[in-house]
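K.L.:
Quick one: the structure is below, questions incoming.
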Amino acid sequence: MTPPTVPEQAEAAPPASLVTGVEEFIAEHVLPVDDEHDGDIEAAGGESLRIRLQAGARERGLLSPHGPEDLGGLGLGMVDRAPVFEAAGRSLFGAMALNINAPDEGNIHLLDHVATAEQRERYLRPLVRGEVRSAFAMTEPAPGAGSDPSLLTTTATRVAGGWLVNGRKWFITGADGAGFFIIMARTSGEPGDPGGATMLLAPADRAGIKVARHIGTMDRSMLGGHCEVTFTDVVVPDTDVLGAVDEGFRYAQVRLGPARMTHVMRWTGAAQRAHEVAIEHVAARRAFSGRLADLGMVQQLIADSEIDLAATRALLLEACRELDEGGHASASTSIAKTFASEALNRVVDRAVQMCGALGVSDELPVAKIARELRPFRIYDGPSEVHRWAIARRAIRRSAGS
C-alpha cells in the first residue's frame, strides 16, 4: 500500500478559532454540495468529492482534528473534539470533509493506541493524512457476530510466519474503496466464548479479500457503502497482528467508547441544523390568524427539542471527560449513546412535523437528516443492548452494596 503524496496541513488554529473555521468551511464549501445532492454521497461525486473537500480542509488546517499530531493530525482530546465534530456534523458530508467520518475516525483512535511503530507508519499515517480510507470488519451474518461479538465465526489459523483468515462479514461501512481492513477473527475458542478474538491488518488488495456487494440501506451519505466482504485464505503476517493475539475484544473497547461519543457529536450537529430550519419555518409561516411559532403546541415541540439537545450535550461531555481522564467510561458512553440516539431522533422528527409537507420533501434538509439519523439507534449497539448492559451494571452495584 503506497499512498500518493499530499501537501502538509496548514498550521492548526486554537480550539475556539478551530470551531469557527469548521463552521465557515462547512457552510461555504460542504453544505451546498450536500443540499444539492440530497445527502447522496455517490451522486455528489463519491471519492473524488472526498479528495477535493479534504484538500480544502487541509489548506485551512482543519483535517483530522482527532489524529495524533506527530502524524499530521491536530491532537484534540475528547472534550475539545465535541464542538468541532458537532460543527462538522451540520452537513452529512462534513465528517468526510474533515476526515472524522466512521469508520476512519474510530480506526485512527484504535491504531493510535494499539499499533506498533511500523504499523503506525504503514497504516495510521496515511489514514490521518487522508491519503487512504479504511474499514473495520467485525459484523457477520447470523449466526455470527452482531450485537453479541462473542459469536464471532471468522477464523484466523496459525501458519508459518502468520495467519490464514477465512470468513464472511457484512454491513462493513466504507469497505468499497478502502485502502486497508482491520479484521476481527477468532484465533482460539468457539463462537460464544468471551475471548479468543484477534485484530489483524490487511491491505484491501491482498489476495483473497473480496467486496462482494453493497447492502442497500436507507442512508446514502456513507462513502464506500455498507458491504458484504469475504475473506478466503487471506495471508496476514505476524507483523500485521494489531495488538496481542486473543485480545481483540479488549482492544475493541478502546475503539468503541470514543466512537460512540463521536457519533453523538456529529449527529448532534445534524439534529441542531434540522431544529434551526424548523424554527425558521414556523417563525415565518402564518396560519390560523398568526405565526405557527406563536401556537402553544408548536412552542412545546421547540422546547422539548431544546431540552433534548441540551441533555444530549451534557451527557456527552460527562462521558468525554471520563475518557480524557483515562477511564473506560463503559457506563457513561453507553448511557450517552442510548439517550442521544433516541433524543436526536425525537428532535429531527419534531422538525419534520413542524415543517409539515415541506418536512418530508427535498425542499428542506430535515427529511434527509431524518433518513440518515434513524440508523444511529442500531449501529454501535442497539438501544436495547445498551439498556441491558446498563441494567446489569445497576444490578451488580446493588448486589455489592
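To be explicit about the labels: the chains of the C-alpha cells are called A, B, and onward in the order shown, and within each one the residues are counted from 1, while ligands get numbers from 1 in the order they are shown.
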Name the residues of stretch 230-287 of chain A that fall into strand (DSSP E or B) according to DSSP on the backbone, using the chain letters and numbers of this document, as a PyMOL selection string.
P.N.:
chain A and resi 230-237+241-242+286-287
K.L.:
Write out as a VMD selection string all residues of stretch 38-174 of chain A that backbone DSSP assigns to helix (DSSP H, G or I).
P.N.:
chain A and resid 41 to 44 46 to 59 69 to 71 78 to 89 94 to 98 104 to 114 117 to 128 149 to 151
K.L.:
Skipping near chain neighbours, those fewer than 4 positions away, what residues fall within 7 Å of A:Trp170 using only C-alpha atoms, listed as a short mmCIF file (atom, residue, chain, number, x, y, z; two decimals) with C-alpha atoms, in the first residue's frame?
P.N.:
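Listed below is the output, around.cif:
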```cif
data_model
loop_
_atom_site.label_atom_id
_atom_site.label_comp_id
_atom_site.auth_asym_id
_atom_site.auth_seq_id
_atom_site.Cartn_x
_atom_site.Cartn_y
_atom_site.Cartn_z
CA THR A 139 -20.08 -7.77 11.91
CA GLU A 140 -21.15 -11.09 10.38
CA PRO A 141 -24.38 -12.64 9.09
CA CYS A 227 -20.78 -4.00 2.19
CA GLU A 228 -20.57 -7.74 2.33
CA VAL A 229 -16.92 -8.78 2.31
#
```
K.L.:
From the set A:Gly243, A:Pro237, A:Gly106, A:Gly177, which residue has the shortest atom-to-atom contact distance to A:Ala202, counting only C-alpha atoms?
P.N.:
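Using only C-alpha atoms, the shortest distance to A:Ala202 belongs to A:Pro237.
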K.L.:
May I have the residues within 6 Å of stretch 39-48 of chain A as a VMD selection string, using only C-alpha atoms and disregarding those fewer than 2 positions away in the same chain?
P.N.:
chain A and resid 34 37 50 to 51 220 to 221
K.L.:
One decimal, Å: what's the distance from atom CA of A:Val277 over to atom CA of A:Arg350, could you say?
P.N.:
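Distance reported for this atom pair: 11.2 Å.
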K.L.:
Choose the residue, out of A:Gly326, A:Pro194, A:Gly167, A:Gly89, that has the smallest atom-to-atom separation from A:Ala271; count only C-alpha atoms.
P.N.:
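That would be A:Gly89, the residue with the smallest distance to A:Ala271.
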K.L.:
Which residue out of A:Glu306, A:Asp80, A:Glu190, A:Glu118 has the minimum interatomic distance to A:Ser17 when only C-alpha atoms are used?
P.N.:
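Closest to A:Ser17 of all the choices is A:Asp80.
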K.L.:
Give me the residues near A:Val352 as a list in words, where near means some atom within 10 Å (using only C-alpha atoms) and where sequence neighbours in that chain fewer than 4 positions away do not count.
P.N.:
Ala274, His275, Val277, Ala278, Arg346, Val347, Val348, Gly356, Ala357, Leu358, Gly359, Val360, Ser361, Leu364, Pro365, Val366, Ala367, Ile369 and Ala370 of chain A
K.L.:
Mind writing the picked residues with N, CA and C atoms as a PDB file, in the first residue's frame?
P.N.:
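And here is the file that came out, result-v4.pdb:
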```pdb
ATOM      1  N   ALA A 274     -31.465  20.661  11.690  1.00  0.00           N
ATOM      2  CA  ALA A 274     -32.880  20.395  11.415  1.00  0.00           C
ATOM      3  C   ALA A 274     -33.769  21.236  12.335  1.00  0.00           C
ATOM      4  N   HIS A 275     -33.380  21.324  13.595  1.00  0.00           N
ATOM      5  CA  HIS A 275     -34.128  22.110  14.582  1.00  0.00           C
ATOM      6  C   HIS A 275     -34.169  23.583  14.178  1.00  0.00           C
ATOM      7  N   VAL A 277     -33.791  24.890  11.172  1.00  0.00           N
ATOM      8  CA  VAL A 277     -34.599  25.039   9.959  1.00  0.00           C
ATOM      9  C   VAL A 277     -36.083  25.056  10.323  1.00  0.00           C
ATOM     10  N   ALA A 278     -36.481  24.175  11.225  1.00  0.00           N
ATOM     11  CA  ALA A 278     -37.883  24.111  11.625  1.00  0.00           C
ATOM     12  C   ALA A 278     -38.316  25.388  12.342  1.00  0.00           C
ATOM     13  N   ARG A 346     -35.833  12.228  18.131  1.00  0.00           N
ATOM     14  CA  ARG A 346     -37.030  12.993  18.506  1.00  0.00           C
ATOM     15  C   ARG A 346     -36.929  14.424  18.003  1.00  0.00           C
ATOM     16  N   VAL A 347     -35.752  15.012  18.129  1.00  0.00           N
ATOM     17  CA  VAL A 347     -35.553  16.392  17.672  1.00  0.00           C
ATOM     18  C   VAL A 347     -35.856  16.508  16.184  1.00  0.00           C
ATOM     19  N   VAL A 348     -35.306  15.606  15.409  1.00  0.00           N
ATOM     20  CA  VAL A 348     -35.489  15.683  13.955  1.00  0.00           C
ATOM     21  C   VAL A 348     -36.919  15.340  13.575  1.00  0.00           C
ATOM     22  N   GLY A 356     -44.293  20.460   8.290  1.00  0.00           N
ATOM     23  CA  GLY A 356     -45.426  19.975   7.528  1.00  0.00           C
ATOM     24  C   GLY A 356     -45.004  19.231   6.274  1.00  0.00           C
ATOM     25  N   ALA A 357     -45.703  19.485   5.176  1.00  0.00           N
ATOM     26  CA  ALA A 357     -45.396  18.789   3.915  1.00  0.00           C
ATOM     27  C   ALA A 357     -43.963  19.045   3.473  1.00  0.00           C
ATOM     28  N   LEU A 358     -43.468  20.258   3.708  1.00  0.00           N
ATOM     29  CA  LEU A 358     -42.076  20.547   3.352  1.00  0.00           C
ATOM     30  C   LEU A 358     -41.100  19.670   4.132  1.00  0.00           C
ATOM     31  N   GLY A 359     -41.508  19.245   5.315  1.00  0.00           N
ATOM     32  CA  GLY A 359     -40.636  18.442   6.158  1.00  0.00           C
ATOM     33  C   GLY A 359     -40.366  17.058   5.621  1.00  0.00           C
ATOM     34  N   VAL A 360     -41.216  16.572   4.718  1.00  0.00           N
ATOM     35  CA  VAL A 360     -40.979  15.258   4.125  1.00  0.00           C
ATOM     36  C   VAL A 360     -40.571  15.378   2.662  1.00  0.00           C
ATOM     37  N   SER A 361     -40.170  16.566   2.273  1.00  0.00           N
ATOM     38  CA  SER A 361     -39.757  16.819   0.890  1.00  0.00           C
ATOM     39  C   SER A 361     -38.260  17.098   0.837  1.00  0.00           C
ATOM     40  N   LEU A 364     -36.446  21.073   1.876  1.00  0.00           N
ATOM     41  CA  LEU A 364     -35.740  21.411   3.111  1.00  0.00           C
ATOM     42  C   LEU A 364     -34.838  20.236   3.482  1.00  0.00           C
ATOM     43  N   PRO A 365     -33.803  20.451   4.296  1.00  0.00           N
ATOM     44  CA  PRO A 365     -32.867  19.357   4.631  1.00  0.00           C
ATOM     45  C   PRO A 365     -33.346  18.428   5.725  1.00  0.00           C
ATOM     46  N   VAL A 366     -34.512  18.697   6.335  1.00  0.00           N
ATOM     47  CA  VAL A 366     -34.896  17.903   7.504  1.00  0.00           C
ATOM     48  C   VAL A 366     -35.223  16.455   7.145  1.00  0.00           C
ATOM     49  N   ALA A 367     -35.800  16.215   5.972  1.00  0.00           N
ATOM     50  CA  ALA A 367     -36.166  14.838   5.604  1.00  0.00           C
ATOM     51  C   ALA A 367     -34.918  13.966   5.435  1.00  0.00           C
ATOM     52  N   ILE A 369     -32.017  14.439   6.807  1.00  0.00           N
ATOM     53  CA  ILE A 369     -31.390  14.247   8.116  1.00  0.00           C
ATOM     54  C   ILE A 369     -32.125  13.148   8.883  1.00  0.00           C
ATOM     55  N   ALA A 370     -33.458  13.142   8.817  1.00  0.00           N
ATOM     56  CA  ALA A 370     -34.231  12.084   9.469  1.00  0.00           C
ATOM     57  C   ALA A 370     -33.877  10.720   8.895  1.00  0.00           C
TER      58      ALA A 370
END
```
K.L.:
Env of stretch 74-78 of chain A: 6 Å cut, atoms = only C-alpha atoms, seq-sep filter 6 positions within chain, self excluded. Answer as a list in words.
P.N.:
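Non-adjacent residues within range: Pro65, His66, Gly67, Pro68 and Cys320 of chain A.
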